[in-house]
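**Student:** This one is run.pdb, PDB, C-alpha atoms.
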ATOM      1  CA  MET A   1     100.916 122.298  78.120
ATOM      2  CA  MET A   2     103.940 120.466  79.540
ATOM      3  CA  LEU A   3     106.028 121.840  82.380
ATOM      4  CA  HIS A   4     109.008 119.530  81.933
ATOM      5  CA  GLU A   5     112.134 119.200  79.907
ATOM      6  CA  PRO A   6     111.462 115.875  78.105
ATOM      7  CA  ASP A   7     115.042 114.584  78.025
ATOM      8  CA  SER A   8     115.826 115.254  81.682
ATOM      9  CA  THR A   9     112.482 113.911  82.935
ATOM     10  CA  VAL A  10     112.731 110.743  80.856
ATOM     11  CA  ALA A  11     116.282 110.165  82.056
ATOM     12  CA  ALA A  12     115.213 110.616  85.673
ATOM     13  CA  LEU A  13     112.363 108.146  85.218
ATOM     14  CA  ASN A  14     114.857 105.477  84.214
ATOM     15  CA  LEU A  15     116.174 105.447  87.791
ATOM     16  CA  MET A  16     112.869 104.311  89.291
ATOM     17  CA  ASN A  17     109.934 103.208  87.230
ATOM     18  CA  ILE A  18     106.761 105.283  87.195
ATOM     19  CA  GLU A  19     104.632 102.567  88.802
ATOM     20  CA  ASP A  20     107.088 102.259  91.701
ATOM     21  CA  LYS A  21     107.030 106.010  92.339
ATOM     22  CA  ILE A  22     103.222 106.091  92.317
ATOM     23  CA  ARG A  23     102.955 103.016  94.560
ATOM     24  CA  GLU A  24     105.471 104.447  97.020
ATOM     25  CA  PHE A  25     103.537 107.730  97.251
ATOM     26  CA  ILE A  26     100.204 105.975  97.773
ATOM     27  CA  ILE A  27     101.528 103.615 100.420
ATOM     28  CA  LYS A  28     103.288 106.412 102.312
ATOM     29  CA  ASN A  29     100.487 108.965 102.066
ATOM     30  CA  LEU A  30      97.097 107.447 101.226
ATOM     31  CA  TYR A  31      96.854 103.683 101.731
ATOM     32  CA  TYR A  32      96.293 102.633 105.315
ATOM     33  CA  ALA A  33      95.682  98.878 105.026
ATOM     34  CA  GLU A  34      98.281  97.133 107.178
ATOM     35  CA  GLY A  35     100.363  94.558 105.341
ATOM     36  CA  ALA A  36      98.110  94.597 102.269
ATOM     37  CA  ALA A  37      99.711  94.540  98.846
ATOM     38  CA  LEU A  38      98.582  97.027  96.234
ATOM     39  CA  SER A  39      98.679  95.570  92.734
ATOM     40  CA  ASP A  40      99.174  97.769  89.679
ATOM     41  CA  ASP A  41      95.647  97.010  88.434
ATOM     42  CA  ALA A  42      93.743  97.362  91.736
ATOM     43  CA  SER A  43      90.954  99.925  91.381
ATOM     44  CA  PHE A  44      91.463 102.756  93.853
ATOM     45  CA  LEU A  45      87.709 103.304  94.027
ATOM     46  CA  ALA A  46      86.663  99.665  94.350
ATOM     47  CA  GLU A  47      89.368  98.956  96.931
ATOM     48  CA  GLY A  48      88.687 102.141  98.894
ATOM     49  CA  VAL A  49      92.305 103.237  98.502
ATOM     50  CA  ILE A  50      91.513 106.919  97.980
ATOM     51  CA  ASP A  51      88.686 109.378  98.540
ATOM     52  CA  SER A  52      88.099 112.727  96.809
ATOM     53  CA  MET A  53      90.815 114.429  98.861
ATOM     54  CA  GLY A  54      93.171 111.565  98.027
ATOM     55  CA  ALA A  55      92.447 112.105  94.341
ATOM     56  CA  MET A  56      93.523 115.743  94.648
ATOM     57  CA  GLU A  57      96.688 114.652  96.465
ATOM     58  CA  LEU A  58      97.431 112.255  93.584
ATOM     59  CA  VAL A  59      97.014 115.080  91.077
ATOM     60  CA  ALA A  60      99.388 117.319  93.047
ATOM     61  CA  PHE A  61     101.868 114.436  93.304
ATOM     62  CA  VAL A  62     101.775 113.718  89.546
ATOM     63  CA  GLU A  63     102.295 117.393  88.737
ATOM     64  CA  SER A  64     105.217 117.835  91.123
ATOM     65  CA  GLU A  65     106.920 114.451  90.681
ATOM     66  CA  PHE A  66     106.665 114.176  86.886
ATOM     67  CA  LYS A  67     106.581 117.898  86.028
ATOM     68  CA  VAL A  68     103.378 117.710  83.974
ATOM     69  CA  LYS A  69     100.222 119.825  84.096
ATOM     70  CA  VAL A  70      97.038 117.881  84.865
ATOM     71  CA  GLU A  71      93.856 119.535  83.624
ATOM     72  CA  MET A  72      90.718 119.018  85.714
ATOM     73  CA  SER A  73      89.096 117.355  82.683
ATOM     74  CA  GLU A  74      91.853 114.696  82.866
ATOM     75  CA  VAL A  75      91.047 113.735  86.476
ATOM     76  CA  VAL A  76      88.845 110.794  85.518
ATOM     77  CA  VAL A  77      88.708 107.069  86.280
ATOM     78  CA  LYS A  78      90.409 106.276  82.960
ATOM     79  CA  ASN A  79      93.528 108.151  84.154
ATOM     80  CA  PHE A  80      93.527 107.906  87.951
ATOM     81  CA  ASP A  81      91.851 104.670  89.136
ATOM     82  CA  SER A  82      94.900 102.408  89.452
ATOM     83  CA  ILE A  83      98.665 102.517  89.515
ATOM     84  CA  CYS A  84      98.738 101.175  85.955
ATOM     85  CA  LYS A  85      96.256 103.770  84.669
ATOM     86  CA  MET A  86      98.132 106.590  86.373
ATOM     87  CA  ALA A  87     101.484 105.419  85.033
ATOM     88  CA  ASN A  88     100.122 105.224  81.488
ATOM     89  CA  PHE A  89      98.579 108.692  81.888
ATOM     90  CA  VAL A  90     101.975 110.061  82.961
ATOM     91  CA  ARG A  91     103.651 108.324  80.013
ATOM     92  CA  ARG A  92     101.140 109.897  77.602
ATOM     93  CA  LYS A  93     101.753 113.337  79.124
ATOM     94  CA  LEU A  94     105.518 112.863  78.812
ATOM     95  CA  GLY A  95     105.330 111.434  75.292
ATOM     96  CA  ILE A  96     106.683 108.041  76.399
ATOM     97  CA  PRO A  97     105.061 104.946  74.810
ATOM     98  CA  GLU A  98     102.658 103.181  77.166
ATOM     99  CA  GLU A  99     103.771  99.843  78.505
ATOM    100  CA  LYS A 100     101.680  97.007  77.186
ATOM    101  CA  PRO A 101     100.432  94.437  79.709
ATOM    102  CA  LEU A 102     102.038  91.035  79.508
ATOM    103  CA  ALA A 103     100.154  88.506  77.430
ATOM    104  CA  THR A 104      97.926  86.144  79.325
ATOM    105  CA  VAL A 105      98.446  82.406  79.201
ATOM    106  CA  ALA A 106      95.286  82.080  77.083
ATOM    107  CA  GLN A 107      96.621  84.596  74.547
ATOM    108  CA  LEU A 108      99.928  82.767  74.342
ATOM    109  CA  ARG A 109      98.159  79.427  73.819
ATOM    110  CA  GLU A 110      96.137  80.940  70.971
ATOM    111  CA  GLU A 111      99.290  82.256  69.327
ATOM    112  CA  VAL A 112     101.046  78.889  69.637
ATOM    113  CA  ALA A 113      97.977  77.080  68.276
ATOM    114  CA  SER A 114      97.781  79.416  65.287
ATOM    115  CA  LEU A 115     101.460  78.780  64.520
ATOM    116  CA  ARG A 116     100.889  75.031  64.487
ATOM    117  CA  ILE A 117      97.969  75.353  62.077
ATOM    118  CA  GLN A 118     100.017  77.257  59.517
TER     119      GLN A 118
END
Taking this structure as input, can you express it in the form of structure tokens?

**Tutor:**
Amino acid sequence: MMLHEPDSTVAALNLMNIEDKIREFIIKNLYYAEGAALSDDASFLAEGVIDSMGAMELVAFVESEFKVKVEMSEVVVKNFDSICKMANFVRRKLGIPEEKPLATVAQLREEVASLRIQ
């Protein structure tokens, strides 16, 4: 069940990207490491960014900020353990295609090598 109007929510998300909104919320409300950067792929659990109460705050934030309903069965590591995972979860809920990670240097080298062989 979605609580949003797809067109208006998608348009609003164009103003500030989903990752930026999530990062801003975490830094302002949950992340207390002075001067430490929080990368999009940093595991919240491994880095000690959030605890169980923090996880519930993230759920409430996602529901209010992005106007989606988060079921308790969706509150899992796959969806809520990093900025990237959360952003992709929000995109799935909103019906927006997930952003693909940039190719690594090794992947690009393989592609270039395969082009030379042909």

**Student:** Would you mind telling me which residue in A:Ala60, A:Ala46, A:Val70, A:Ile83 lies nearest to Ile26 in chain A when using only C-alpha atoms?

**Tutor:**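 Closest residue, counting only C-alpha atoms: A:Ile83.
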
**Student:** Using only C-alpha atoms, which of the listed residues (A:Ser52, A:Ser73, A:Ser114, A:Ser64) sits closest to Val90 in chain A?

**Tutor:**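 Residue with the minimum atom-to-atom distance to Val90 in chain A: A:Ser64.
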
**Student:** If we count all atoms listed in the file, what is near Ile18 in chain A at a cut-off of 9 Å, once residues fewer than 3 positions away on the same chain are taken out, given as a list in words?

**Tutor:** Leu13, Asn14, Lys21, Ile22, Arg23, Phe66, Ile83, Met86, Ala87, Asn88, Val90 and Arg91 of chain A

**Student:** I would like the residues chosen by the PyMOL selection byres ((chain A and resi 81) around 12) on the shown file; could you give them as a PyMOL selection string?

**Tutor:** chain A and resi 22+39-52+54-55+58-59+74-80+82-89

**Student:** Can you measure CA of Glu65 in chain A to CA of Tyr31 in chain A for me? One decimal in Å is fine.

**Tutor:**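 Interatomic distance, CA of Glu65 in chain A to CA of Tyr31 in chain A: 18.4 Å.
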
**Student:** Work out how far apart CA of Met56 in chain A and CA of Lys93 in chain A are and give it in Å to one decimal.

**Tutor:** 17.7 Å

**Student:** Quick one: axis-aligned box around all listed atoms of range 80-92 of chain A, 3 Å on every side, centre and edge lengths in Å to one decimal, written as JSON.

**Tutor:**
{"center_x": 97.8, "center_y": 105.6, "center_z": 83.6, "size_x": 17.8, "size_y": 14.9, "size_z": 17.9}

**Student:** Can you work out the spacing between CA of Arg109 in chain A and CA of Glu19 in chain A in Å, to one decimal?

**Tutor:** 28.3 Å

**Student:** I'd like to know which of A:Leu30, A:Glu110, A:Leu115, A:Leu94 is closest to Glu57 in chain A, using all atoms listed in the file.

**Tutor:**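 Looking at the shortest contact to Glu57 in chain A, the residue is A:Leu30.
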